[in-house]
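Below is final_6.txt, which holds compact mmCIF, C-alpha atoms and all ligand atoms.
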# COMPACT_ATOMS: atom_id res chain seq x y z
CA MET Q 1101 157.33 -46.42 93.70
CA ASN Q 1102 159.75 -46.81 96.57
CA PHE Q 1103 162.29 -49.60 96.74
CA VAL Q 1104 162.81 -49.30 100.49
CA SER Q 1105 159.24 -50.39 101.18
CA GLU Q 1106 160.25 -53.77 99.74
CA LEU Q 1107 163.27 -54.17 101.96
CA GLU Q 1108 162.81 -56.81 104.59
CA ASN Q 1109 164.22 -55.89 107.98
CA VAL Q 1110 163.47 -52.20 107.59
CA ALA Q 1111 160.67 -51.17 109.90
CA THR Q 1112 157.81 -49.68 107.87
CA LYS Q 1113 156.92 -47.53 110.88
CA ASP Q 1114 160.40 -45.92 110.76
CA LEU Q 1115 160.02 -45.30 107.04
CA ARG Q 1116 156.63 -43.67 107.49
CA GLU Q 1117 158.12 -41.46 110.15
CA LEU Q 1118 161.02 -40.53 107.86
CA GLU Q 1119 158.54 -39.50 105.15
CA SER Q 1120 156.55 -37.33 107.50
CA CYS Q 1121 159.68 -35.67 108.97
CA VAL Q 1122 161.03 -34.91 105.47
CA GLU Q 1123 157.69 -33.36 104.56
CA ASP Q 1124 157.61 -31.30 107.79
CA ALA Q 1125 161.10 -29.98 107.05
CA ILE Q 1126 159.97 -28.23 103.87
CA LYS Q 1127 156.66 -26.90 105.19
CA GLU Q 1128 157.91 -23.74 106.87
CA ASP Q 1129 157.74 -21.67 103.67
CA SER Q 1130 154.81 -22.08 101.28
CA PHE Q 1131 156.78 -21.43 98.07
CA ILE Q 1132 159.54 -23.85 99.08
CA TYR Q 1133 156.87 -26.46 99.80
CA GLU Q 1134 155.16 -25.91 96.46
CA ALA Q 1135 158.49 -26.06 94.62
CA CYS Q 1136 160.01 -29.02 96.48
CA ALA Q 1137 157.24 -31.39 97.53
CA PRO Q 1138 156.79 -33.15 94.15
CA LEU Q 1139 160.54 -33.57 93.75
CA ILE Q 1140 161.14 -34.74 97.31
CA ASN Q 1141 158.22 -37.18 97.14
CA GLY Q 1142 159.74 -39.06 94.21
CA GLY Q 1143 163.05 -39.97 95.88
CA LYS Q 1144 164.28 -43.50 96.57
CA ARG Q 1145 165.44 -42.55 100.10
CA LEU Q 1146 168.53 -44.68 99.58
CA ARG Q 1147 170.81 -42.31 101.49
CA PRO Q 1148 168.71 -41.74 104.64
CA VAL Q 1149 167.80 -45.43 104.74
CA LEU Q 1150 171.46 -46.48 104.60
CA PHE Q 1151 172.10 -44.06 107.43
CA LEU Q 1152 169.13 -45.23 109.54
CA LEU Q 1153 170.01 -48.90 109.07
CA CYS Q 1154 173.58 -48.34 110.23
CA ALA Q 1155 172.49 -46.04 113.06
CA GLY Q 1156 170.04 -48.66 114.32
CA SER Q 1157 172.38 -51.63 114.10
CA THR Q 1158 173.72 -51.57 117.66
CA GLY Q 1159 170.38 -50.87 119.34
CA THR Q 1160 171.92 -48.00 121.29
CA CYS Q 1161 170.67 -45.08 119.19
CA PRO Q 1162 166.90 -44.56 119.34
CA ILE Q 1163 165.26 -43.84 115.98
CA LYS Q 1164 163.99 -40.53 117.38
CA SER Q 1165 167.59 -39.28 117.75
CA ALA Q 1166 168.63 -40.51 114.31
CA LEU Q 1167 165.66 -39.22 112.29
CA PRO Q 1168 166.60 -35.51 112.11
CA LEU Q 1169 170.02 -36.42 110.70
CA ALA Q 1170 168.34 -38.74 108.18
CA VAL Q 1171 166.15 -35.82 107.10
CA ALA Q 1172 169.18 -33.53 106.81
CA ILE Q 1173 170.87 -36.13 104.58
CA GLU Q 1174 167.84 -36.28 102.28
CA LEU Q 1175 167.68 -32.46 102.13
CA ILE Q 1176 171.39 -32.17 101.24
CA HIS Q 1177 170.87 -34.78 98.52
CA THR Q 1178 167.82 -32.92 97.16
CA ALA Q 1179 169.69 -29.58 97.27
CA SER Q 1180 172.52 -31.15 95.27
CA LEU Q 1181 170.04 -32.47 92.67
CA VAL Q 1182 168.34 -29.09 92.33
CA HIS Q 1183 171.76 -27.53 91.64
CA ASP Q 1184 172.83 -30.43 89.44
CA ASP Q 1185 169.77 -29.97 87.23
CA ILE Q 1186 170.74 -26.33 86.70
CA LEU Q 1187 174.26 -27.38 85.69
CA ASP Q 1188 172.91 -30.10 83.38
CA ASN Q 1189 170.05 -27.95 82.10
CA ALA Q 1190 167.83 -30.94 82.88
CA LYS Q 1191 164.09 -30.68 82.31
CA LYS Q 1192 162.82 -33.70 84.19
CA ARG Q 1193 163.74 -35.39 87.46
CA ARG Q 1194 161.84 -38.04 89.40
CA ARG Q 1195 159.04 -37.87 86.83
CA VAL Q 1196 158.38 -34.16 87.45
CA GLU Q 1197 159.59 -30.93 85.92
CA THR Q 1198 162.91 -29.79 87.40
CA THR Q 1199 162.98 -26.66 89.56
CA ASN Q 1200 165.06 -24.83 86.92
CA ALA Q 1201 162.64 -25.79 84.14
CA LYS Q 1202 159.63 -24.70 86.18
CA TYR Q 1203 160.87 -21.52 87.88
CA GLY Q 1204 164.11 -20.62 86.10
CA SER Q 1205 167.72 -21.13 87.18
CA GLN Q 1206 167.88 -18.07 89.45
CA VAL Q 1207 165.06 -19.34 91.66
CA ALA Q 1208 166.42 -22.91 91.48
CA VAL Q 1209 169.82 -21.78 92.87
CA LEU Q 1210 168.01 -20.26 95.84
CA VAL Q 1211 165.73 -23.27 96.38
CA GLY Q 1212 168.85 -25.49 96.52
CA ASP Q 1213 170.50 -23.05 98.94
CA TYR Q 1214 167.40 -23.03 101.13
CA LEU Q 1215 167.29 -26.84 101.37
CA PHE Q 1216 170.98 -26.90 102.12
CA ALA Q 1217 170.62 -24.30 104.90
CA LYS Q 1218 167.59 -26.12 106.32
CA ALA Q 1219 169.64 -29.32 106.49
CA PHE Q 1220 172.37 -27.62 108.52
CA GLN Q 1221 169.76 -25.99 110.79
CA ILE Q 1222 168.38 -29.46 111.57
CA VAL Q 1223 171.89 -30.78 112.25
CA ALA Q 1224 172.63 -27.85 114.59
CA GLU Q 1225 169.35 -28.37 116.47
CA GLY Q 1226 170.07 -32.09 116.80
CA ASN Q 1227 173.31 -31.48 118.74
CA TYR Q 1228 175.09 -34.32 116.98
CA GLY Q 1229 178.51 -32.96 117.80
CA ARG Q 1230 181.57 -31.86 115.92
CA GLU Q 1231 182.45 -35.13 114.16
CA VAL Q 1232 179.03 -35.34 112.48
CA SER Q 1233 179.16 -31.69 111.32
CA GLU Q 1234 182.70 -32.09 110.03
CA THR Q 1235 181.82 -35.31 108.18
CA LEU Q 1236 178.85 -33.62 106.50
CA SER Q 1237 180.88 -30.54 105.58
CA LYS Q 1238 183.60 -32.71 104.03
CA LEU Q 1239 180.92 -34.55 102.06
CA VAL Q 1240 179.50 -31.35 100.59
CA LYS Q 1241 183.00 -30.08 99.73
CA ASN Q 1242 183.67 -33.36 97.91
CA LEU Q 1243 180.37 -33.14 96.02
CA CYS Q 1244 181.29 -29.64 94.89
CA VAL Q 1245 184.84 -30.59 93.88
CA GLY Q 1246 183.47 -33.56 91.89
CA GLU Q 1247 180.90 -31.41 90.11
CA ILE Q 1248 183.40 -28.61 89.42
CA SER Q 1249 185.85 -31.08 87.89
CA GLN Q 1250 183.03 -32.54 85.78
CA ASP Q 1251 181.89 -29.10 84.69
CA ARG Q 1252 185.39 -28.00 83.72
CA ASN Q 1253 185.86 -31.07 81.55
CA LEU Q 1254 182.59 -31.23 79.65
CA PHE Q 1255 182.75 -32.74 76.14
CA LYS Q 1256 186.23 -34.11 76.90
CA ILE Q 1257 186.83 -37.84 76.91
CA PRO Q 1258 188.11 -38.82 80.35
CA GLU Q 1259 190.52 -41.63 81.14
CA MET Q 1260 188.79 -44.41 83.08
CA SER Q 1261 190.72 -43.28 86.18
CA GLU Q 1262 189.35 -39.73 85.81
CA TYR Q 1263 185.84 -41.10 85.43
CA TYR Q 1264 186.31 -43.07 88.65
CA GLU Q 1265 187.66 -40.03 90.49
CA ARG Q 1266 184.56 -38.11 89.50
CA ILE Q 1267 181.96 -40.76 90.39
CA ASN Q 1268 183.76 -41.35 93.65
CA LEU Q 1269 183.43 -37.68 94.63
CA LYS Q 1270 179.92 -37.10 93.37
CA THR Q 1271 178.23 -40.33 94.49
CA ALA Q 1272 180.36 -42.94 96.28
CA VAL Q 1273 181.51 -40.52 98.97
CA PHE Q 1274 177.86 -39.66 99.69
CA LEU Q 1275 176.75 -43.26 100.20
CA ALA Q 1276 179.91 -43.96 102.20
CA THR Q 1277 179.21 -40.92 104.40
CA CYS Q 1278 175.64 -42.06 105.12
CA CYS Q 1279 176.93 -45.43 106.37
CA ARG Q 1280 179.79 -43.76 108.26
CA LEU Q 1281 177.48 -41.31 110.05
CA GLY Q 1282 175.23 -44.22 111.01
CA GLY Q 1283 178.21 -46.07 112.49
CA ILE Q 1284 179.31 -42.94 114.35
CA ILE Q 1285 175.99 -42.24 115.99
CA ALA Q 1286 175.49 -45.94 116.77
CA GLY Q 1287 178.72 -45.77 118.79
CA MET Q 1288 180.58 -48.38 116.73
CA ASP Q 1289 184.34 -48.81 117.02
CA LYS Q 1290 186.71 -47.38 114.41
CA LYS Q 1291 187.14 -50.64 112.48
CA GLU Q 1292 183.38 -51.15 112.15
CA ILE Q 1293 182.86 -47.54 111.07
CA ASP Q 1294 185.60 -47.94 108.44
CA ASP Q 1295 184.03 -51.21 107.23
CA LEU Q 1296 180.64 -49.53 106.83
CA THR Q 1297 182.30 -46.64 104.99
CA ALA Q 1298 184.01 -49.06 102.60
CA TYR Q 1299 180.70 -50.85 102.00
CA GLY Q 1300 179.01 -47.52 101.17
CA ASN Q 1301 181.85 -46.54 98.88
CA GLY Q 1302 181.69 -49.71 96.78
CA LEU Q 1303 177.91 -49.46 96.70
CA GLY Q 1304 178.14 -45.85 95.51
CA LEU Q 1305 180.54 -46.64 92.66
CA ALA Q 1306 178.18 -49.40 91.48
CA PHE Q 1307 175.16 -47.10 91.89
CA GLN Q 1308 176.66 -44.39 89.68
CA ILE Q 1309 177.87 -46.82 87.00
CA ILE Q 1310 174.33 -48.24 86.72
CA ASP Q 1311 172.96 -44.67 86.70
CA ASP Q 1312 175.23 -43.92 83.75
CA VAL Q 1313 174.00 -47.04 81.90
CA LEU Q 1314 170.36 -46.11 82.59
CA ASP Q 1315 171.03 -42.66 81.12
CA PHE Q 1316 171.41 -44.42 77.73
CA PHE Q 1317 169.35 -47.57 78.08
CA GLY Q 1318 166.76 -46.88 80.79
CA ASP Q 1319 163.05 -46.50 80.22
CA GLU Q 1320 162.25 -42.78 80.63
CA LYS Q 1321 158.90 -43.61 82.23
CA VAL Q 1322 160.67 -45.71 84.86
CA THR Q 1323 163.79 -43.60 85.48
CA GLY Q 1324 161.74 -40.40 85.48
CA LYS Q 1325 164.36 -38.46 83.49
CA ALA Q 1326 165.16 -37.95 79.81
CA LEU Q 1327 167.45 -40.39 77.97
CA GLY Q 1328 170.81 -39.09 76.80
CA GLY Q 1329 170.95 -36.29 79.37
CA ASP Q 1330 174.60 -36.95 80.20
CA LEU Q 1331 175.64 -36.87 76.55
CA LYS Q 1332 173.76 -33.64 75.80
CA SER Q 1333 175.25 -31.91 78.81
CA GLY Q 1334 178.75 -33.08 77.84
CA VAL Q 1335 179.24 -35.61 80.63
CA ILE Q 1336 181.12 -38.59 79.20
CA THR Q 1337 180.58 -41.74 81.22
CA MET Q 1338 181.66 -45.38 81.39
CA PRO Q 1339 179.41 -46.78 78.59
CA VAL Q 1340 180.96 -44.26 76.16
CA ILE Q 1341 184.52 -44.72 77.43
CA ARG Q 1342 184.20 -48.49 76.96
CA ALA Q 1343 182.51 -48.24 73.55
CA LEU Q 1344 185.21 -45.84 72.33
CA SER Q 1345 187.87 -48.41 73.12
CA VAL Q 1346 186.17 -51.39 71.44
CA SER Q 1347 183.78 -50.14 68.75
CA ASP Q 1348 184.47 -50.27 64.99
CA GLU Q 1349 182.63 -46.95 64.86
CA SER Q 1350 184.60 -45.26 67.61
CA GLU Q 1351 185.53 -42.30 65.39
CA VAL Q 1352 181.84 -41.52 64.75
CA LEU Q 1353 181.10 -41.87 68.45
CA ARG Q 1354 184.06 -39.66 69.38
CA ASP Q 1355 182.81 -37.04 66.96
CA ILE Q 1356 179.31 -37.06 68.49
CA VAL Q 1357 180.29 -36.97 72.16
CA THR Q 1358 182.77 -34.11 71.78
CA ARG Q 1359 180.31 -31.98 69.80
CA ARG Q 1360 178.78 -29.10 71.79
CA ASP Q 1361 175.39 -29.16 70.08
CA ILE Q 1362 174.33 -32.79 70.33
CA SER Q 1363 170.90 -33.33 68.73
CA ASP Q 1364 168.30 -35.99 69.56
CA SER Q 1365 169.31 -37.89 66.46
CA ASP Q 1366 173.00 -37.77 67.52
CA VAL Q 1367 171.93 -39.26 70.86
CA MET Q 1368 170.11 -42.07 69.02
CA ASP Q 1369 173.18 -42.72 66.85
CA ALA Q 1370 175.44 -42.82 69.90
CA ILE Q 1371 173.08 -45.21 71.70
CA GLU Q 1372 173.10 -47.51 68.66
CA ILE Q 1373 176.90 -47.53 68.48
CA ILE Q 1374 177.18 -48.26 72.20
CA ARG Q 1375 174.50 -50.98 71.94
CA ASN Q 1376 176.56 -52.75 69.27
CA THR Q 1377 179.47 -53.19 71.69
CA ASP Q 1378 179.89 -55.02 74.99
CA ALA Q 1379 179.73 -51.70 76.89
CA VAL Q 1380 176.57 -52.49 78.88
CA GLU Q 1381 177.83 -55.94 79.97
CA TYR Q 1382 181.18 -54.35 80.78
CA CYS Q 1383 179.57 -51.68 82.99
CA LYS Q 1384 177.41 -54.28 84.73
CA MET Q 1385 180.44 -56.45 85.33
CA ARG Q 1386 182.28 -53.50 86.86
CA ALA Q 1387 179.24 -52.60 89.00
CA ASP Q 1388 178.93 -56.22 90.17
CA GLY Q 1389 182.61 -56.18 91.08
CA HIS Q 1390 182.18 -53.05 93.23
CA VAL Q 1391 179.14 -54.48 94.97
CA ASP Q 1392 181.00 -57.73 95.66
CA SER Q 1393 183.89 -55.77 97.18
CA ALA Q 1394 181.35 -53.75 99.18
CA ARG Q 1395 179.78 -56.91 100.65
CA VAL Q 1396 183.18 -58.14 101.86
CA ASN Q 1397 182.99 -55.47 104.58
CA LEU Q 1398 179.80 -56.78 106.15
CA PRO Q 1399 180.75 -59.98 108.04
CA PHE Q 1400 180.55 -58.16 111.37
CA LEU Q 1401 176.84 -57.62 110.70
CA MET Q 1402 176.24 -61.19 109.50
CA LYS Q 1403 172.72 -62.48 110.20
CA THR Q 1404 171.71 -59.19 111.83
CA SER Q 1405 168.72 -57.36 110.38
CA THR Q 1406 171.00 -54.47 109.31
CA GLY Q 1407 173.40 -56.88 107.56
CA LEU Q 1408 170.52 -58.53 105.68
CA ALA Q 1409 169.07 -55.18 104.61
CA LEU Q 1410 172.49 -53.92 103.43
CA GLU Q 1411 172.84 -57.13 101.38
CA GLN Q 1412 169.43 -56.51 99.84
CA ILE Q 1413 170.36 -52.92 99.02
CA ALA Q 1414 173.49 -54.21 97.28
CA ASP Q 1415 171.29 -56.44 95.09
CA PHE Q 1416 168.93 -53.56 94.35
CA VAL Q 1417 171.72 -51.21 93.28
CA VAL Q 1418 172.95 -53.46 90.47
CA ASP Q 1419 169.55 -54.80 89.35
CA ARG Q 1420 167.65 -51.54 89.44
CA THR Q 1421 165.88 -50.04 86.45
CA TRP Q 1422 165.30 -46.63 88.07
C1 LIG N 1501 173.79 -36.15 89.99
O1 LIG N 1501 174.68 -36.68 89.05
C2 LIG N 1501 174.48 -35.16 90.90
C3 LIG N 1501 175.21 -35.43 91.96
C4 LIG N 1501 175.36 -36.83 92.38
C5 LIG N 1501 175.90 -34.38 92.80
C6 LIG N 1501 175.53 -32.94 92.57
C7 LIG N 1501 176.32 -32.02 93.45
C8 LIG N 1501 176.38 -30.68 93.34
C9 LIG N 1501 175.64 -29.94 92.29
C10 LIG N 1501 177.24 -29.92 94.31
C11 LIG N 1501 176.42 -28.93 95.14
C12 LIG N 1501 175.93 -29.55 96.37
C13 LIG N 1501 175.05 -28.99 97.28
C14 LIG N 1501 174.70 -29.75 98.49
C15 LIG N 1501 174.40 -27.67 97.15
P1 LIG N 1501 174.25 -36.99 87.56
O2 LIG N 1501 174.07 -35.70 86.84
O3 LIG N 1501 175.22 -37.94 87.00
O4 LIG N 1501 172.90 -37.77 87.75
P2 LIG N 1501 171.45 -37.45 87.21
O5 LIG N 1501 171.33 -38.21 85.94
O6 LIG N 1501 170.54 -38.00 88.28
O7 LIG N 1501 171.33 -35.98 87.04
MG MG N 1502 172.45 -34.55 86.30
Just dump the structure as structure tokens.
Ligand code: FPP
Ligand code: MG
Amino acid sequence: MNFVSELENVATKDLRELESCVEDAIKEDSFIYEACAPLINGGKRLRPVLFLLCAGSTGTCPIKSALPLAVAIELIHTASLVHDDILDNAKKRRRVETTNAKYGSQVAVLVGDYLFAKAFQIVAEGNYGREVSETLSKLVKNLCVGEISQDRNLFKIPEMSEYYERINLKTAVFLATCCRLGGIIAGMDKKEIDDLTAYGNGLGLAFQIIDDVLDFFGDEKVTGKALGGDLKSGVITMPVIRALSVSDESEVLRDIVTRRDISDSDVMDAIEIIRNTDAVEYCKMRADGHVDSARVNLPFLMKTSTGLALEQIADFVVDRTW
């Protein structure tokens, strides 16, 4: 299941090439391949595709030059998920057992480190220059700061502004960076690069809000991960924050989400309380708002194949079920 294959205006040949380059990048070591291939195969490829679309928009950057950086982006994303699953003690990701569940956390730390190092090896070999390396380094620092702040505040109810700060660092900055890097290597001017970055940022906020809704109301077979994972790991997200402010049962919900040993039946109770409020509509409304603000940055790509694909991605992000 891969949403990008349904995107019009994205060359299927480029996508096939991306898949084979990602696979090649993890083949050097047989254990790494065994541990990573199932996980890597299940990805949506949203980040590298955003990058490739933006990189290809001016027609000046051949796909061959952009592909290694697209692969590096996917490897950094996968490395961050391998580490995230350790932090969240998650058992399932992309419909397969997580690296920590299968091999233990010690090995999973090293698998994440390997992927991360491989990504930077590919970037170094690609000679993309200082701006690209600096942009990627800043991205990874932001991811870490976002995750550290989340980890230091588990089981605490955040203000909406704190929630936004966190989803900005852990997701929106990543999508924004993919678009930005595409603009940079396509040789766009500063205003266009900033517009693409703003598009990616809005898209990323919407993406994470929908992710947080799916964590409670998704279909496990479709999302490929267990329901209630955020709650059990102490990560309090927008559906809970909204429900706490409007529910008649907010005290019960508060008691569940701040408890350190949340059981499956607590998760079910919390889901029921959230379901009885307007929290899901509220989150969708917020996500729609971010996607609308994201689209405002695209007029300079109007009627181009990149512009149309970025519009389609915006639709996917809010309507997705996985
Ligand atoms: C998933 O969030 C996790 C992230 C978006 C970022 C994880 C980043 C790190 C662990 C920092 C380290 C980075 C590197 C490159 C080594 P989530 O838990 O809300 O989503 P999920 O439900 O998919 O797990
Ligand atoms: Mg997680």
Notebook entry, point to check: Separation of CA of Asp1251 in chain Q and CA of Gly1212 in chain Q, in Å?
Noted result: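 Rounded to one decimal, the two atoms are 18.0 Å apart.
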Next item on the list: Find the residue from Q:Asn1141, Q:Gln1206, Q:Asn1397, Q:Ser1120 that sits nearest to Leu1167 in chain Q; use all atoms listed in the file when measuring.
Entry: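 With all atoms listed in the file as the atom set, the closest residue is Q:Ser1120.
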Next item on the list: Please extract the residues at most 9 Å from ligand LIG 1501 (chain N), counting all atoms listed in the file, and provide them as a ChimeraX atom specification, using the chain letters and residue numbers of this document.
Entry: /Q:1175-1188,1190,1193-1194,1209,1212-1213,1215-1216,1239-1248,1267,1269-1272,1274,1308,1311-1312,1314-1315,1325-1326,1329-1330,1333,1335,1337
Next item on the list: Using all atoms listed in the file, determine which residues lie at most 10 Å from Thr1377 in chain Q, disregarding the query and same-chain residues fewer than 6 positions distant; provide the list as a list in words.
Entry: Pro1339, Arg1342, Ala1343, Leu1344, Ser1345, Val1346, Ser1347, Asp1348 and Glu1349 of chain Q
Write the residues of the selection above to a file with C-alpha atoms, as a CSV table (one decimal), keeping the file's coordinate frame.
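Everything below was put into out-v7.csv:
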chain,number,residue,atom,x,y,z
Q,1339,PRO,CA,179.4,-46.8,78.6
Q,1342,ARG,CA,184.2,-48.5,77.0
Q,1343,ALA,CA,182.5,-48.2,73.6
Q,1344,LEU,CA,185.2,-45.8,72.3
Q,1345,SER,CA,187.9,-48.4,73.1
Q,1346,VAL,CA,186.2,-51.4,71.4
Q,1347,SER,CA,183.8,-50.1,68.8
Q,1348,ASP,CA,184.5,-50.3,65.0
Q,1349,GLU,CA,182.6,-47.0,64.9
Note to self: Taking (180.3, -48.9, 94.7) as a centre in this file's frame and 12 Å as the limit, can you find every polymer residue with an atom that close, using all atoms listed in the file, and give them as a ChimeraX atom specification?
What the structure shows: /Q:1264,1267-1276,1297-1311,1384,1386-1395,1413-1415,1417-1418
Margin query: With 12 Å as the threshold, what does the neighbourhood of (180.7, -34.1, 113.0) contain in terms of residues, counting all atoms listed in the file? Coordinates are those of the file; answer as an MDAnalysis selection string.
Written below: chainID Q and resid 1169 1220 1223:1224 1226:1239 1277 1280:1282 1284:1285
Checklist line | Distance of CA of Asn1189 in chain Q from CA of Arg1354 in chain Q, expressed in Å to one decimal place | finding: 22.3 Å
Centre, x/y/z edge lengths, axis-aligned box for range 1167-1173 of chain Q with 8 Å per side, as AutoDock Vina command-line options:
--center_x 168.3 --center_y -36.4 --center_z 108.4 --size_x 21.2 --size_y 21.7 --size_z 23.7
